[in-house]
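For reference, the structure discussed in these notes is given below.
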Amino acid sequence: MKTIELKVTGMHCIHCEKHVADSLEKVAGVEKAVADHNHDRVLVRLSDDNASIEAMKAAVEADDSGFKCEGVVA
């Protein structure tokens, strides 16, 4: 199992964190997501090392919530 960190902007509260985490956990290959609105970061534990970053980005940005996934933090 692998863990990655995504930069996600637009989160302002714990409700935003939950929305982003829930969206990511619906993506194939994502086991768990924990968002932190104070640091614009989401830790994502993968069950499949080949999980699509593009699919995660699309899930975060799918609705009109205003969240933006800027990709994996190096």
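Every chain in the structure tokens takes a letter, A first, then B, and so on in the order presented; its residues are numbered from 1, and the ligands are numbered from 1 following the presented order.
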
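Counting only C-alpha atoms, A:Val72 has the following residues at most 12 Å away, ignoring those fewer than 5 positions along the same chain: Thr3, Ile4, Glu5, Leu6, Lys7, Val8, Asp40, Arg41, Val42, Leu43, Val44, Ser52, Ile53, Glu54, Met56 and Lys57 of chain A.
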
Keeping only N, CA and C atoms, take the residues you just selected and write them out as a tab-separated table (two decimals), in the first residue's frame.
chain	number	residue	atom	x	y	z
A	3	THR	N	0.88	5.67	0.20
A	3	THR	CA	0.16	6.88	0.59
A	3	THR	C	0.73	8.05	-0.20
A	4	ILE	N	-0.18	8.86	-0.73
A	4	ILE	CA	0.24	10.07	-1.44
A	4	ILE	C	-0.42	11.27	-0.78
A	5	GLU	N	0.10	12.44	-1.07
A	5	GLU	CA	-0.47	13.68	-0.54
A	5	GLU	C	-0.86	14.56	-1.73
A	6	LEU	N	-2.11	14.99	-1.72
A	6	LEU	CA	-2.61	15.87	-2.77
A	6	LEU	C	-2.77	17.29	-2.24
A	7	LYS	N	-2.51	18.26	-3.08
A	7	LYS	CA	-2.81	19.65	-2.73
A	7	LYS	C	-4.21	19.95	-3.27
A	8	VAL	N	-5.12	20.29	-2.36
A	8	VAL	CA	-6.49	20.62	-2.74
A	8	VAL	C	-6.84	21.97	-2.11
A	40	ASP	N	-4.45	22.79	3.14
A	40	ASP	CA	-4.78	22.49	1.73
A	40	ASP	C	-4.18	21.18	1.28
A	41	ARG	N	-4.25	20.17	2.14
A	41	ARG	CA	-3.67	18.87	1.84
A	41	ARG	C	-4.67	17.76	2.10
A	42	VAL	N	-4.51	16.67	1.35
A	42	VAL	CA	-5.30	15.45	1.57
A	42	VAL	C	-4.34	14.28	1.50
A	43	LEU	N	-4.28	13.49	2.57
A	43	LEU	CA	-3.51	12.25	2.56
A	43	LEU	C	-4.41	11.16	2.01
A	44	VAL	N	-3.92	10.45	1.02
A	44	VAL	CA	-4.71	9.42	0.35
A	44	VAL	C	-3.96	8.10	0.43
A	52	SER	N	-5.52	6.08	-10.47
A	52	SER	CA	-5.36	7.22	-11.36
A	52	SER	C	-5.43	8.57	-10.63
A	53	ILE	N	-4.34	9.32	-10.74
A	53	ILE	CA	-4.32	10.68	-10.18
A	53	ILE	C	-5.35	11.54	-10.91
A	54	GLU	N	-5.50	11.34	-12.20
A	54	GLU	CA	-6.48	12.10	-12.98
A	54	GLU	C	-7.91	11.82	-12.50
A	56	MET	N	-8.70	10.95	-9.46
A	56	MET	CA	-8.82	11.62	-8.15
A	56	MET	C	-9.08	13.10	-8.35
A	57	LYS	N	-8.34	13.71	-9.26
A	57	LYS	CA	-8.52	15.13	-9.56
A	57	LYS	C	-9.94	15.40	-10.04

From a DSSP pass on the backbone, collect the residues of chain A flagged as helix (DSSP H, G or I) and hand them back as an MDAnalysis selection string.
chainID A and resid 14:25 53:60

Nearest residue to A:Val73 out of A:Met1, A:Leu46, A:His12, A:His39, using only C-alpha atoms?
A:His39

Hey, what's within 10 Å of A:Asp48 if we count only C-alpha atoms and toss same-chain stuff fewer than 4 positions away? As a list in words, please?
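Counting only the stated atoms, we get Met1, Lys2, Ala28, Gly29, Val30, Glu31 and Ser52 of chain A.
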
Output C-alpha atoms for every residue in the selection just made, as a tab-separated table (two decimals), in the first residue's frame.
chain	number	residue	atom	x	y	z
A	1	MET	CA	0.00	0.00	0.00
A	2	LYS	CA	1.14	3.49	-0.81
A	28	ALA	CA	-11.11	2.98	-7.69
A	29	GLY	CA	-7.87	2.20	-5.89
A	30	VAL	CA	-8.40	4.70	-3.04
A	31	GLU	CA	-8.76	3.06	0.36
A	52	SER	CA	-5.36	7.22	-11.36

Where does DSSP see strand (DSSP E) in stretch 17-54 of chain A, if you list the residues as an mmCIF file with C-alpha atoms, in the first residue's frame?
data_model
loop_
_atom_site.group_PDB
_atom_site.id
_atom_site.type_symbol
_atom_site.label_atom_id
_atom_site.label_comp_id
_atom_site.auth_asym_id
_atom_site.auth_seq_id
_atom_site.Cartn_x
_atom_site.Cartn_y
_atom_site.Cartn_z
ATOM 1 C CA VAL A 30 -8.402 4.696 -3.041
ATOM 2 C CA GLU A 31 -8.760 3.060 0.357
ATOM 3 C CA LYS A 32 -8.900 6.110 2.640
ATOM 4 C CA ALA A 33 -8.616 9.889 2.348
ATOM 5 C CA VAL A 34 -8.032 12.389 5.169
ATOM 6 C CA ALA A 35 -8.330 16.065 4.297
ATOM 7 C CA ASP A 36 -6.856 19.061 6.154
ATOM 8 C CA ARG A 41 -3.668 18.870 1.842
ATOM 9 C CA VAL A 42 -5.296 15.454 1.573
ATOM 10 C CA LEU A 43 -3.508 12.252 2.565
ATOM 11 C CA VAL A 44 -4.706 9.421 0.349
ATOM 12 C CA ARG A 45 -4.003 5.777 1.167
ATOM 13 C CA LEU A 46 -4.129 3.665 -1.963
#

Residue among A:Ala59, A:Ser65, A:Gly71, A:His37 lying closest to A:Glu25, counting only C-alpha atoms
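Residue with the minimum atom-to-atom distance to A:Glu25: A:Ala59.
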
Quick one: everything within 8 Å of A:Ser23, counting only C-alpha atoms, minus sequence neighbours fewer than 4 positions away in the same chain. Send it as a tab-separated table (two decimals) with C-alpha atoms, in the first residue's frame.
chain	number	residue	atom	x	y	z
A	19	HIS	CA	-16.87	16.27	1.09
A	27	VAL	CA	-12.31	6.48	-6.77
A	59	ALA	CA	-13.56	13.42	-8.34
A	60	VAL	CA	-12.45	16.44	-6.29

Considering only C-alpha atoms, can you say which of A:Ala74, A:Ala55, A:Leu24, A:Cys69 comes closest to A:Thr9?
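Smallest separation from A:Thr9 among the options: A:Cys69.
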
What separation in Å, quoted to one decimal, exists between atom CA of A:Asp63 and atom CA of A:Asp49?
25.9 Å

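The space between atom CA of A:Cys13 and atom CA of A:Ala62 spans 18.7 Å.
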
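Atom to atom, atom CA of A:Phe67 and atom CA of A:Ala51 stand 20.3 Å apart.
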